[in-house]
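Student: Can you keep this structure in mind? I'll have questions shortly.
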Amino acid sequence: MAKRQSTLSTNGAREDAKTWLQGFPRKQLRRWLTKEPYMALENKHPSLERRFQGIGEFGLYLHIPFCRQICPYCPYNKELYRPEVAARYVRAVRKEIDIYAELMGNRPVTSFYIGGGTPTTMLDSGLGDILDRVYAAFNMQCDIHMESHPNDLGADNLNIISSMGVTHLSIGVEALQDHHLRTLHRPYTVNQVKAAVARAVSNGFKCVNADFIFALPDQTCSEIEQAGHTLVKMGFDQVAAYPLFEFPYTRWAQIAEARNYKDAGLFRRRKMLGILERIFYDAGFERTSVWAFTRRGVPRYCSVTVPLYVGLGASGGSYLQDIFYLNTFNVEAYIQALERGRLPIALSLDLTENVQMAGWLYWRVYETRFKRSDFRARFGKDFDAVYGKVIRPLSLIGLLKDDGDEIVLSDSGAYWLHVVQDLFSIEYISKLWGTSQQTPWPEKVVL
Ligand SMILES: C[S@@+](CC[C@H](N)C(=O)[O-])C[C@H]1O[C@@H](n2cnc3c(N)ncnc32)[C@H](O)[C@@H]1O
Ligand code: SF4
């Protein structure tokens, strides 16, 4: 017993040391970038009129929080699809659109992304009605990018998707070996997903993207190699390849513990990403974000691309120059707020200029390239005066290529960004989304 206790306390001390080791650089980096000791999102209802003044163009995000089954590793806000809830959701989103139409006036919407959950659950239960309202209410000047599930891509559904105006389609392929699909609890086989993709790529979309997850339990490098070649042969225009992230608030954490799944580790992930990089570059793709590779000359599939955006739907997030706010994640609370004529905003954060600049830098680096002149246009400041001290050493060690105005992330820079992203995103997303999925109206979330 004494021995067991000492083992436990040694493990506890090791865990504490690990948590400290991960937390310390995160806190230092955050403090250095944002000049803030912490960031607290609070349950305040901001007055929005003045926040819209002075904004030229917007992006629009629409969240569809329904899925036909719940995957155990998935961190996104979703619940099982029920037609009667979906019908009320459509009415609520249309009300939210009307409120924003007043605020946004005729300003152009230059980027539109429909994500989830699974948007294709609502193809014949109201997604078209929502889009009709979007097009009637806003000055839409862009293509539609939308996520889809392979099981929803029969010929009829693909025609509905095209006729709604979707030009860029993403398909959640996730894996290309049946045993890995089973590990992930995905409800289809490799042959079925191949047939769905064959239908989609011949349907005339401008870009068809595959979401693919690697570094799965017991996955080998030769399986990655085989999957990479298959993705190219399947005719995708783009592949977004993410390592499997473990979010502590998902069921995956328990499954991984019960089955004793080992974390692939940073170096193995780097090796697997390297295999995919080589295959995609050889096939004529180029890197278009930290995780995405796009066939040269094809317009890339991506989430909202403009810096300022409005998020519609349960868990939709909005970023308006000096404020970030998040809708309630709870579908019933979202519907009820709009039935009472109120915007369903649950948490908001006023952004200091340092936080805005840090956010801008994070997202531009994520896209792997950015221009000093865009920073000046956005903040009226010289980029090097603010970030020169960090950019110069990074370009000296080859993580960035500095071409005068443009700064481009190299492949090793993309990998190290992934390390930093691991440090921040998993922790921040887990706190913010984890809390928001437990409580419809949290008092405060401190990041
Ligand atoms: C909203 S889903 C895509 C659409 C649809 N719901 C589906 O599953 O096919 C977004 C994508 O995020 C990725 N994803 C979800 N959970 C992940 C995790 N824990 N680690 C890495 N990628 C993840 C998957 O590639 C997934 O396709
Ligand atoms: S991965 Fe896709 S289908 Fe699975 S729960 Fe998440 S959003 Fe739904």
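As shown in the structure tokens, the chain order sets the letters A, B, ...; within each chain, residues go from 1, and ligands are also counted from 1 in the order they appear.
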Residues near Ser162 of chain A, anyone? I mean within 12 Å using only C-alpha atoms, not counting same-chain ones fewer than 2 positions away, as a ChimeraX atom specification.

Tutor: /A:123,128,143-146,153,155-160,164-169,200-206

Student: Go ahead and dump the residues you just picked, C-alpha atoms, as a CSV table (one decimal), in the first residue's frame.

Tutor:
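In the end it all went to result.csv:
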chain,number,residue,atom,x,y,z
A,123,LEU,CA,-30.4,19.8,-46.7
A,128,GLY,CA,-32.3,26.3,-48.1
A,143,ASP,CA,-18.9,32.0,-53.0
A,144,ILE,CA,-20.3,29.5,-50.4
A,145,HIS,CA,-18.0,27.1,-48.7
A,146,MET,CA,-19.7,24.2,-46.8
A,153,LEU,CA,-23.6,12.7,-50.6
A,155,ALA,CA,-26.6,12.1,-56.3
A,156,ASP,CA,-29.8,13.9,-55.2
A,157,ASN,CA,-28.2,15.6,-52.3
A,158,LEU,CA,-25.2,16.8,-54.3
A,159,ASN,CA,-27.6,18.4,-56.8
A,160,ILE,CA,-29.4,20.2,-53.9
A,164,MET,CA,-28.1,26.1,-53.1
A,165,GLY,CA,-25.0,27.9,-54.6
A,166,VAL,CA,-22.3,25.9,-52.7
A,167,THR,CA,-19.2,26.1,-54.8
A,168,HIS,CA,-16.6,24.8,-52.4
A,169,LEU,CA,-17.4,21.6,-50.6
A,200,ALA,CA,-18.8,14.9,-55.6
A,201,VAL,CA,-15.7,15.5,-57.7
A,202,SER,CA,-17.7,15.1,-60.9
A,203,ASN,CA,-20.4,17.5,-59.8
A,204,GLY,CA,-18.8,20.7,-61.0
A,205,PHE,CA,-17.7,22.3,-57.7
A,206,LYS,CA,-14.8,24.8,-57.9

Student: Using only C-alpha atoms and all ligand atoms, find each protein or nucleic acid residue lying at most 8 Å from ligand 1; present the set as a VMD selection string.

Tutor: chain A and resid 67 71 73 to 76 115 to 119 147 to 150 170 to 174 210 to 214 240 to 247

Student: Point out the residue among A:Lys262, A:Lys381, A:Arg68, A:Arg295 with the least atom-to-atom distance to ligand 2, counting only C-alpha atoms and all ligand atoms.

Tutor: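 Among A:Lys262, A:Lys381, A:Arg68, A:Arg295, it is A:Arg68 that comes nearest to ligand 2.
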
Student: Restricting the calculation to only C-alpha atoms: of A:Leu347, A:Leu103, A:Met272, A:Leu231, which residue gets closest to Val310 of chain A?

Tutor: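 Closest to Val310 of chain A of all the choices is A:Leu103.
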
Student: Name all residues at most 8 Å from Ala87 of chain A (count only C-alpha atoms; drop same-chain ones fewer than 3 positions away) and give them as a list in words.

Tutor: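 Once the adjacent positions are removed, what remains is Pro83, Glu84, Val90, Arg91, Ser125 and Gly126 of chain A.
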
Student: Within 8 Å of Tyr334 of chain A, counting only C-alpha atoms, which residues qualify if same-chain residues fewer than 5 places away don't, as a PyMOL selection string?

Tutor: chain A and resi 92+313-314+327-329+344

Student: With the cut-off set at 7 Å and counting only C-alpha atoms, tabulate each residue of segment 276-318 of chain A with an atom at most that distance from an atom of segment 49-64 of chain A, showing the nearest atom pair and its distance in Å to one decimal, ordered by chain and increasing number, as JSON lines.

Tutor:
{"residue": "A:Val304", "atom": "CA", "partner": "A:Gly59", "partner_atom": "CA", "distance": 5.8}
{"residue": "A:Val306", "atom": "CA", "partner": "A:Gly59", "partner_atom": "CA", "distance": 5.7}
{"residue": "A:Leu308", "atom": "CA", "partner": "A:Phe58", "partner_atom": "CA", "distance": 5.6}
{"residue": "A:Tyr309", "atom": "CA", "partner": "A:Gly59", "partner_atom": "CA", "distance": 4.2}
{"residue": "A:Val310", "atom": "CA", "partner": "A:Leu60", "partner_atom": "CA", "distance": 5.1}
{"residue": "A:Gly311", "atom": "CA", "partner": "A:Tyr61", "partner_atom": "CA", "distance": 4.6}
{"residue": "A:Leu312", "atom": "CA", "partner": "A:Leu62", "partner_atom": "CA", "distance": 4.7}
{"residue": "A:Gly313", "atom": "CA", "partner": "A:His63", "partner_atom": "CA", "distance": 5.0}
{"residue": "A:Ala314", "atom": "CA", "partner": "A:His63", "partner_atom": "CA", "distance": 6.5}
{"residue": "A:Gly316", "atom": "CA", "partner": "A:His63", "partner_atom": "CA", "distance": 6.0}

Student: Write the residues of the selection above to a file with N, CA and C atoms, as a PDB file, in the first residue's frame.

Tutor:
ATOM      1  N   VAL A 304     -13.923  31.352 -42.938  1.00  0.00           N
ATOM      2  CA  VAL A 304     -14.013  32.781 -43.257  1.00  0.00           C
ATOM      3  C   VAL A 304     -12.622  33.381 -43.449  1.00  0.00           C
ATOM      4  N   VAL A 306     -11.915  36.807 -44.260  1.00  0.00           N
ATOM      5  CA  VAL A 306     -11.670  38.230 -43.957  1.00  0.00           C
ATOM      6  C   VAL A 306     -11.558  38.394 -42.444  1.00  0.00           C
ATOM      7  N   LEU A 308     -12.742  40.414 -40.235  1.00  0.00           N
ATOM      8  CA  LEU A 308     -13.902  40.729 -39.391  1.00  0.00           C
ATOM      9  C   LEU A 308     -15.095  39.901 -39.867  1.00  0.00           C
ATOM     10  N   TYR A 309     -15.790  39.286 -38.912  1.00  0.00           N
ATOM     11  CA  TYR A 309     -16.886  38.395 -39.326  1.00  0.00           C
ATOM     12  C   TYR A 309     -17.964  38.331 -38.266  1.00  0.00           C
ATOM     13  N   VAL A 310     -19.142  37.897 -38.734  1.00  0.00           N
ATOM     14  CA  VAL A 310     -20.285  37.695 -37.842  1.00  0.00           C
ATOM     15  C   VAL A 310     -20.608  36.207 -37.871  1.00  0.00           C
ATOM     16  N   GLY A 311     -20.835  35.627 -36.689  1.00  0.00           N
ATOM     17  CA  GLY A 311     -21.162  34.201 -36.605  1.00  0.00           C
ATOM     18  C   GLY A 311     -22.634  34.018 -36.265  1.00  0.00           C
ATOM     19  N   LEU A 312     -23.328  33.257 -37.101  1.00  0.00           N
ATOM     20  CA  LEU A 312     -24.751  32.978 -36.879  1.00  0.00           C
ATOM     21  C   LEU A 312     -24.909  31.564 -36.341  1.00  0.00           C
ATOM     22  N   GLY A 313     -25.943  31.347 -35.530  1.00  0.00           N
ATOM     23  CA  GLY A 313     -26.239  29.998 -35.054  1.00  0.00           C
ATOM     24  C   GLY A 313     -25.658  29.744 -33.663  1.00  0.00           C
ATOM     25  N   ALA A 314     -26.079  28.611 -33.078  1.00  0.00           N
ATOM     26  CA  ALA A 314     -25.601  28.260 -31.733  1.00  0.00           C
ATOM     27  C   ALA A 314     -24.098  28.031 -31.776  1.00  0.00           C
ATOM     28  N   GLY A 316     -21.938  30.256 -32.715  1.00  0.00           N
ATOM     29  CA  GLY A 316     -21.313  31.153 -33.695  1.00  0.00           C
ATOM     30  C   GLY A 316     -20.509  32.216 -32.956  1.00  0.00           C
TER      31      GLY A 316
END

Student: Mind pulling up the distance from atom 1 (S, counted along the ligand's line) of ligand 2 to atom CA of Lys271 of chain A?

Tutor: 24.5 Å

Student: Which residue gives the smallest distance to Leu127 of chain A among A:Pro65, A:Arg376, A:Val365, A:Ser111, with only C-alpha atoms counted?

Tutor: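 So, comparing all the options, the nearest one is A:Pro65.
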
Student: Write down as a list in words the residues belonging to segment 240-284 of chain A that are assigned helix (DSSP H, G or I) by DSSP computed on the backbone.

Tutor: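 Checking each residue of segment 240-284 of chain A, the helix (DSSP H, G or I) ones are Trp252, Ala253, Gln254, Ile255, Ala256, Glu257, Ala258, Arg259, Leu266, Phe267, Arg268, Arg269, Arg270, Lys271, Met272, Leu273, Gly274, Ile275, Leu276, Glu277, Arg278, Ile279, Phe280, Tyr281 and Asp282 of chain A.
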
Student: Distance atom CA of Ser289 of chain A-atom CA of Glu367 of chain A, one decimal place?

Tutor: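 Atom CA of Ser289 of chain A sits 4.3 Å away from atom CA of Glu367 of chain A.
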
Student: Residues at most 12 Å from Phe267 of chain A, counting only C-alpha atoms, excluding those fewer than 5 positions away in the same chain, as a ChimeraX atom specification?

Tutor: /A:215,243,272-274,415-416,418-419

Student: Keeping only C-alpha atoms, take the residues you just selected and write them out as a short mmCIF file (atom, residue, chain, number, x, y, z; two decimals), in the first residue's frame.

Tutor:
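Just written: again_28.cif:
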data_model
loop_
_atom_site.label_atom_id
_atom_site.label_comp_id
_atom_site.auth_asym_id
_atom_site.auth_seq_id
_atom_site.Cartn_x
_atom_site.Cartn_y
_atom_site.Cartn_z
CA ALA A 215 -1.61 10.10 -36.04
CA PRO A 243 -3.36 15.13 -36.39
CA MET A 272 3.68 11.71 -40.84
CA LEU A 273 3.04 15.29 -41.90
CA GLY A 274 6.35 15.18 -43.80
CA TYR A 415 5.45 22.40 -38.01
CA TRP A 416 6.62 24.61 -35.15
CA HIS A 418 1.63 23.47 -34.94
CA VAL A 419 3.61 22.98 -31.71
#

Student: Using only C-alpha atoms for the distances, tell me which of A:Glu225, A:Glu102, A:Asp422, A:Asp350 is nearest to Phe280 of chain A.

Tutor: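 For Phe280 of chain A, the nearest of the given residues is A:Glu225.
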
Student: Using DSSP secondary structure from the backbone, list all strand (DSSP E) positions within segment 81-195 of chain A, as a PDB file with N, CA, C and O atoms, in the first residue's frame.

Tutor:
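Saved as states39.pdb:
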ATOM      1  N   PRO A 108     -20.768  44.932 -47.964  1.00  0.00           N
ATOM      2  CA  PRO A 108     -20.643  43.634 -48.641  1.00  0.00           C
ATOM      3  C   PRO A 108     -20.170  42.500 -47.722  1.00  0.00           C
ATOM      4  O   PRO A 108     -19.326  42.719 -46.849  1.00  0.00           O
ATOM      5  N   VAL A 109     -20.739  41.326 -47.949  1.00  0.00           N
ATOM      6  CA  VAL A 109     -20.240  40.111 -47.290  1.00  0.00           C
ATOM      7  C   VAL A 109     -19.328  39.430 -48.308  1.00  0.00           C
ATOM      8  O   VAL A 109     -19.770  39.045 -49.391  1.00  0.00           O
ATOM      9  N   THR A 110     -18.043  39.306 -47.967  1.00  0.00           N
ATOM     10  CA  THR A 110     -17.076  38.836 -48.964  1.00  0.00           C
ATOM     11  C   THR A 110     -16.529  37.444 -48.662  1.00  0.00           C
ATOM     12  O   THR A 110     -15.583  36.996 -49.318  1.00  0.00           O
ATOM     13  N   SER A 111     -17.096  36.770 -47.668  1.00  0.00           N
ATOM     14  CA  SER A 111     -16.668  35.398 -47.364  1.00  0.00           C
ATOM     15  C   SER A 111     -17.793  34.730 -46.578  1.00  0.00           C
ATOM     16  O   SER A 111     -18.321  35.319 -45.633  1.00  0.00           O
ATOM     17  N   PHE A 112     -18.180  33.514 -47.004  1.00  0.00           N
ATOM     18  CA  PHE A 112     -19.336  32.852 -46.341  1.00  0.00           C
ATOM     19  C   PHE A 112     -18.997  31.379 -46.147  1.00  0.00           C
ATOM     20  O   PHE A 112     -18.667  30.683 -47.113  1.00  0.00           O
ATOM     21  N   TYR A 113     -19.089  30.928 -44.889  1.00  0.00           N
ATOM     22  CA  TYR A 113     -18.726  29.550 -44.555  1.00  0.00           C
ATOM     23  C   TYR A 113     -19.833  28.909 -43.732  1.00  0.00           C
ATOM     24  O   TYR A 113     -20.308  29.501 -42.746  1.00  0.00           O
ATOM     25  N   ILE A 114     -20.241  27.705 -44.124  1.00  0.00           N
ATOM     26  CA  ILE A 114     -21.267  26.977 -43.362  1.00  0.00           C
ATOM     27  C   ILE A 114     -20.594  25.754 -42.750  1.00  0.00           C
ATOM     28  O   ILE A 114     -20.108  24.863 -43.460  1.00  0.00           O
ATOM     29  N   GLY A 115     -20.546  25.743 -41.415  1.00  0.00           N
ATOM     30  CA  GLY A 115     -19.856  24.646 -40.737  1.00  0.00           C
ATOM     31  C   GLY A 115     -20.743  24.008 -39.686  1.00  0.00           C
ATOM     32  O   GLY A 115     -21.901  24.366 -39.510  1.00  0.00           O
ATOM     33  N   GLY A 116     -20.164  23.037 -38.990  1.00  0.00           N
ATOM     34  CA  GLY A 116     -20.975  22.358 -37.984  1.00  0.00           C
ATOM     35  C   GLY A 116     -20.124  21.661 -36.944  1.00  0.00           C
ATOM     36  O   GLY A 116     -18.934  21.966 -36.819  1.00  0.00           O
ATOM     37  N   ASN A 139     -25.766  41.898 -48.440  1.00  0.00           N
ATOM     38  CA  ASN A 139     -25.181  42.195 -49.746  1.00  0.00           C
ATOM     39  C   ASN A 139     -24.089  41.142 -50.015  1.00  0.00           C
ATOM     40  O   ASN A 139     -22.914  41.367 -49.767  1.00  0.00           O
ATOM     41  N   MET A 140     -24.527  39.956 -50.517  1.00  0.00           N
ATOM     42  CA  MET A 140     -23.602  38.817 -50.650  1.00  0.00           C
ATOM     43  C   MET A 140     -22.749  38.962 -51.914  1.00  0.00           C
ATOM     44  O   MET A 140     -23.291  39.062 -53.016  1.00  0.00           O
ATOM     45  N   ILE A 144     -19.975  30.215 -51.651  1.00  0.00           N
ATOM     46  CA  ILE A 144     -20.314  29.534 -50.395  1.00  0.00           C
ATOM     47  C   ILE A 144     -19.382  28.335 -50.221  1.00  0.00           C
ATOM     48  O   ILE A 144     -19.220  27.513 -51.132  1.00  0.00           O
ATOM     49  N   HIS A 145     -18.797  28.243 -49.041  1.00  0.00           N
ATOM     50  CA  HIS A 145     -17.964  27.100 -48.666  1.00  0.00           C
ATOM     51  C   HIS A 145     -18.734  26.312 -47.603  1.00  0.00           C
ATOM     52  O   HIS A 145     -19.220  26.906 -46.639  1.00  0.00           O
ATOM     53  N   MET A 146     -18.847  24.986 -47.760  1.00  0.00           N
ATOM     54  CA  MET A 146     -19.668  24.233 -46.799  1.00  0.00           C
ATOM     55  C   MET A 146     -19.059  22.872 -46.467  1.00  0.00           C
ATOM     56  O   MET A 146     -18.506  22.196 -47.330  1.00  0.00           O
ATOM     57  N   GLU A 147     -19.216  22.456 -45.201  1.00  0.00           N
ATOM     58  CA  GLU A 147     -18.785  21.127 -44.761  1.00  0.00           C
ATOM     59  C   GLU A 147     -19.871  20.099 -45.048  1.00  0.00           C
ATOM     60  O   GLU A 147     -21.063  20.431 -45.004  1.00  0.00           O
ATOM     61  N   SER A 148     -19.459  18.852 -45.300  1.00  0.00           N
ATOM     62  CA  SER A 148     -20.461  17.815 -45.529  1.00  0.00           C
ATOM     63  C   SER A 148     -19.972  16.489 -44.952  1.00  0.00           C
ATOM     64  O   SER A 148     -18.776  16.306 -44.715  1.00  0.00           O
ATOM     65  N   VAL A 166     -23.608  26.325 -53.319  1.00  0.00           N
ATOM     66  CA  VAL A 166     -22.323  25.939 -52.714  1.00  0.00           C
ATOM     67  C   VAL A 166     -21.335  25.637 -53.846  1.00  0.00           C
ATOM     68  O   VAL A 166     -21.625  24.839 -54.740  1.00  0.00           O
ATOM     69  N   THR A 167     -20.173  26.294 -53.794  1.00  0.00           N
ATOM     70  CA  THR A 167     -19.174  26.094 -54.846  1.00  0.00           C
ATOM     71  C   THR A 167     -17.936  25.381 -54.312  1.00  0.00           C
ATOM     72  O   THR A 167     -17.145  24.837 -55.076  1.00  0.00           O
ATOM     73  N   HIS A 168     -17.732  25.443 -52.988  1.00  0.00           N
ATOM     74  CA  HIS A 168     -16.558  24.833 -52.353  1.00  0.00           C
ATOM     75  C   HIS A 168     -17.084  23.871 -51.294  1.00  0.00           C
ATOM     76  O   HIS A 168     -17.719  24.303 -50.330  1.00  0.00           O
ATOM     77  N   LEU A 169     -16.802  22.583 -51.495  1.00  0.00           N
ATOM     78  CA  LEU A 169     -17.384  21.566 -50.607  1.00  0.00           C
ATOM     79  C   LEU A 169     -16.278  20.809 -49.885  1.00  0.00           C
ATOM     80  O   LEU A 169     -15.303  20.382 -50.504  1.00  0.00           O
ATOM     81  N   SER A 170     -16.462  20.637 -48.580  1.00  0.00           N
ATOM     82  CA  SER A 170     -15.509  19.816 -47.823  1.00  0.00           C
ATOM     83  C   SER A 170     -16.187  18.522 -47.396  1.00  0.00           C
ATOM     84  O   SER A 170     -17.357  18.527 -47.009  1.00  0.00           O
ATOM     85  N   ILE A 171     -15.436  17.425 -47.461  1.00  0.00           N
ATOM     86  CA  ILE A 171     -15.995  16.115 -47.098  1.00  0.00           C
ATOM     87  C   ILE A 171     -15.170  15.536 -45.952  1.00  0.00           C
ATOM     88  O   ILE A 171     -13.940  15.470 -46.036  1.00  0.00           O
ATOM     89  N   GLY A 172     -15.846  15.096 -44.901  1.00  0.00           N
ATOM     90  CA  GLY A 172     -15.139  14.515 -43.745  1.00  0.00           C
ATOM     91  C   GLY A 172     -14.748  13.074 -44.030  1.00  0.00           C
ATOM     92  O   GLY A 172     -15.423  12.143 -43.602  1.00  0.00           O
ATOM     93  N   VAL A 173     -13.639  12.886 -44.735  1.00  0.00           N
ATOM     94  CA  VAL A 173     -13.180  11.525 -45.084  1.00  0.00           C
ATOM     95  C   VAL A 173     -12.584  10.847 -43.847  1.00  0.00           C
ATOM     96  O   VAL A 173     -12.900   9.717 -43.521  1.00  0.00           O
ATOM     97  N   GLU A 174     -11.684  11.522 -43.198  1.00  0.00           N
ATOM     98  CA  GLU A 174     -11.032  11.172 -41.913  1.00  0.00           C
ATOM     99  C   GLU A 174      -9.990  10.058 -41.980  1.00  0.00           C
ATOM    100  O   GLU A 174      -8.935  10.181 -41.368  1.00  0.00           O
TER     101      GLU A 174
END

Student: Interatomic distance between atom CA of His45 of chain A and atom CA of Pro442 of chain A?

Tutor: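 Separation between atom CA of His45 of chain A and atom CA of Pro442 of chain A: 12.5 Å.
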
Student: Name the closest residue to Gln321 of chain A among the candidates A:Val190, A:Ile279, A:Leu48, A:Met234; distances are taken between atoms, counting only C-alpha atoms.

Tutor: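 Once distances to Gln321 of chain A are computed over only C-alpha atoms, the minimum belongs to A:Leu48.
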
Student: Show which residues sit within 10 Å of Gln356 of chain A, as a PDB file with N, CA and C atoms, in the first residue's frame. Count only C-alpha atoms, and ignore same-chain residues fewer than 5 positions away.

Tutor:
ATOM      1  N   THR A  34       0.282  39.633 -25.912  1.00  0.00           N
ATOM      2  CA  THR A  34      -0.940  40.427 -25.676  1.00  0.00           C
ATOM      3  C   THR A  34      -0.736  41.508 -24.627  1.00  0.00           C
ATOM      4  N   TYR A 319     -16.283  38.523 -34.625  1.00  0.00           N
ATOM      5  CA  TYR A 319     -15.097  39.330 -34.358  1.00  0.00           C
ATOM      6  C   TYR A 319     -15.273  40.662 -35.064  1.00  0.00           C
ATOM      7  N   GLN A 321     -13.514  44.100 -34.935  1.00  0.00           N
ATOM      8  CA  GLN A 321     -12.431  45.035 -34.586  1.00  0.00           C
ATOM      9  C   GLN A 321     -12.018  44.949 -33.126  1.00  0.00           C
ATOM     10  N   ASP A 322     -12.828  45.552 -32.200  1.00  0.00           N
ATOM     11  CA  ASP A 322     -12.358  45.611 -30.816  1.00  0.00           C
ATOM     12  C   ASP A 322     -13.189  44.752 -29.872  1.00  0.00           C
ATOM     13  N   ILE A 323     -13.931  43.783 -30.440  1.00  0.00           N
ATOM     14  CA  ILE A 323     -14.689  42.873 -29.582  1.00  0.00           C
ATOM     15  C   ILE A 323     -14.777  41.489 -30.228  1.00  0.00           C
ATOM     16  N   PHE A 324     -14.691  40.463 -29.397  1.00  0.00           N
ATOM     17  CA  PHE A 324     -14.998  39.100 -29.841  1.00  0.00           C
ATOM     18  C   PHE A 324     -16.141  38.612 -28.966  1.00  0.00           C
ATOM     19  N   ASP A 350     -13.752  42.342 -24.693  1.00  0.00           N
ATOM     20  CA  ASP A 350     -13.255  43.556 -25.356  1.00  0.00           C
ATOM     21  C   ASP A 350     -11.781  43.352 -25.647  1.00  0.00           C
ATOM     22  N   LEU A 351     -11.370  43.727 -26.856  1.00  0.00           N
ATOM     23  CA  LEU A 351      -9.998  43.423 -27.271  1.00  0.00           C
ATOM     24  C   LEU A 351      -9.139  44.684 -27.253  1.00  0.00           C
ATOM     25  N   LEU A 361      -1.919  38.433 -36.099  1.00  0.00           N
ATOM     26  CA  LEU A 361      -0.681  37.723 -36.436  1.00  0.00           C
ATOM     27  C   LEU A 361      -0.904  36.205 -36.413  1.00  0.00           C
ATOM     28  N   TYR A 362      -1.626  35.730 -35.380  1.00  0.00           N
ATOM     29  CA  TYR A 362      -1.869  34.284 -35.256  1.00  0.00           C
ATOM     30  C   TYR A 362      -2.572  33.750 -36.512  1.00  0.00           C
ATOM     31  N   PHE A 379      -3.723  48.344 -38.798  1.00  0.00           N
ATOM     32  CA  PHE A 379      -3.457  48.943 -37.479  1.00  0.00           C
ATOM     33  C   PHE A 379      -2.754  50.298 -37.536  1.00  0.00           C
TER      34      PHE A 379
END

Student: Could you give me, as an MDAnalysis selection string, the residues within 10 Å of Ala346 of chain A, counting only C-alpha atoms and dropping anything in the same chain fewer than 6 positions from it?

Tutor: chainID A and resid 41:45 315 325:330 333:334 436 439:444

Student: Put those residues in a file: N, CA and C atoms, as a tab-separated table (two decimals), in the first residue's frame.

Tutor:
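File produced: selection.tsv:
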chain	number	residue	atom	x	y	z
A	41	LEU	N	-13.49	36.21	-20.78
A	41	LEU	CA	-14.74	36.42	-21.51
A	41	LEU	C	-15.86	36.44	-20.48
A	42	GLU	N	-16.75	37.43	-20.61
A	42	GLU	CA	-17.77	37.58	-19.58
A	42	GLU	C	-19.17	37.59	-20.18
A	43	ASN	N	-20.11	37.25	-19.30
A	43	ASN	CA	-21.51	37.21	-19.71
A	43	ASN	C	-22.08	38.62	-19.72
A	44	LYS	N	-21.67	39.41	-20.74
A	44	LYS	CA	-22.17	40.79	-20.86
A	44	LYS	C	-22.81	40.89	-22.24
A	45	HIS	N	-23.88	41.63	-22.33
A	45	HIS	CA	-24.52	41.80	-23.64
A	45	HIS	C	-24.03	43.11	-24.22
A	315	SER	N	-23.36	28.72	-30.92
A	315	SER	CA	-21.89	28.70	-30.81
A	315	SER	C	-21.19	29.54	-31.88
A	325	TYR	N	-17.17	38.03	-29.56
A	325	TYR	CA	-18.23	37.46	-28.73
A	325	TYR	C	-18.75	36.16	-29.32
A	326	LEU	N	-19.38	35.39	-28.42
A	326	LEU	CA	-19.74	34.02	-28.74
A	326	LEU	C	-21.20	33.80	-28.39
A	327	ASN	N	-21.95	33.21	-29.32
A	327	ASN	CA	-23.34	32.85	-29.01
A	327	ASN	C	-23.38	31.69	-28.02
A	328	THR	N	-24.52	31.53	-27.34
A	328	THR	CA	-24.70	30.36	-26.50
A	328	THR	C	-24.54	29.10	-27.34
A	329	PHE	N	-23.97	28.05	-26.75
A	329	PHE	CA	-23.80	26.78	-27.45
A	329	PHE	C	-25.07	25.94	-27.39
A	330	ASN	N	-25.91	26.24	-26.41
A	330	ASN	CA	-27.08	25.40	-26.16
A	330	ASN	C	-28.19	25.73	-27.17
A	333	ALA	N	-31.44	27.11	-25.69
A	333	ALA	CA	-31.27	28.48	-25.16
A	333	ALA	C	-31.14	29.46	-26.32
A	334	TYR	N	-30.46	29.05	-27.39
A	334	TYR	CA	-30.30	29.90	-28.58
A	334	TYR	C	-31.67	30.22	-29.19
A	436	SER	N	-18.71	26.17	-22.32
A	436	SER	CA	-19.91	26.60	-23.04
A	436	SER	C	-20.82	25.42	-23.37
A	439	THR	N	-22.70	24.78	-19.86
A	439	THR	CA	-23.57	25.82	-19.30
A	439	THR	C	-24.03	26.74	-20.42
A	440	PRO	N	-25.34	26.93	-20.59
A	440	PRO	CA	-25.78	27.80	-21.68
A	440	PRO	C	-25.29	29.23	-21.54
A	441	TRP	N	-25.28	29.76	-20.30
A	441	TRP	CA	-24.90	31.16	-20.10
A	441	TRP	C	-23.82	31.22	-19.01
A	442	PRO	N	-22.56	30.87	-19.33
A	442	PRO	CA	-21.51	30.90	-18.29
A	442	PRO	C	-21.29	32.33	-17.80
A	443	GLU	N	-20.94	32.47	-16.52
A	443	GLU	CA	-20.67	33.80	-15.95
A	443	GLU	C	-19.40	34.39	-16.55
A	444	LYS	N	-18.36	33.55	-16.60
A	444	LYS	CA	-17.04	34.06	-16.99
A	444	LYS	C	-16.16	32.88	-17.41

Student: Nearest to ligand 2 among A:Tyr89, A:Trp252, A:Tyr100, A:Phe370, with distances taken over only C-alpha atoms and all ligand atoms: which residue is it?

Tutor: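 When distances to ligand 2 are compared using only C-alpha atoms and all ligand atoms, the smallest one comes from A:Trp252.
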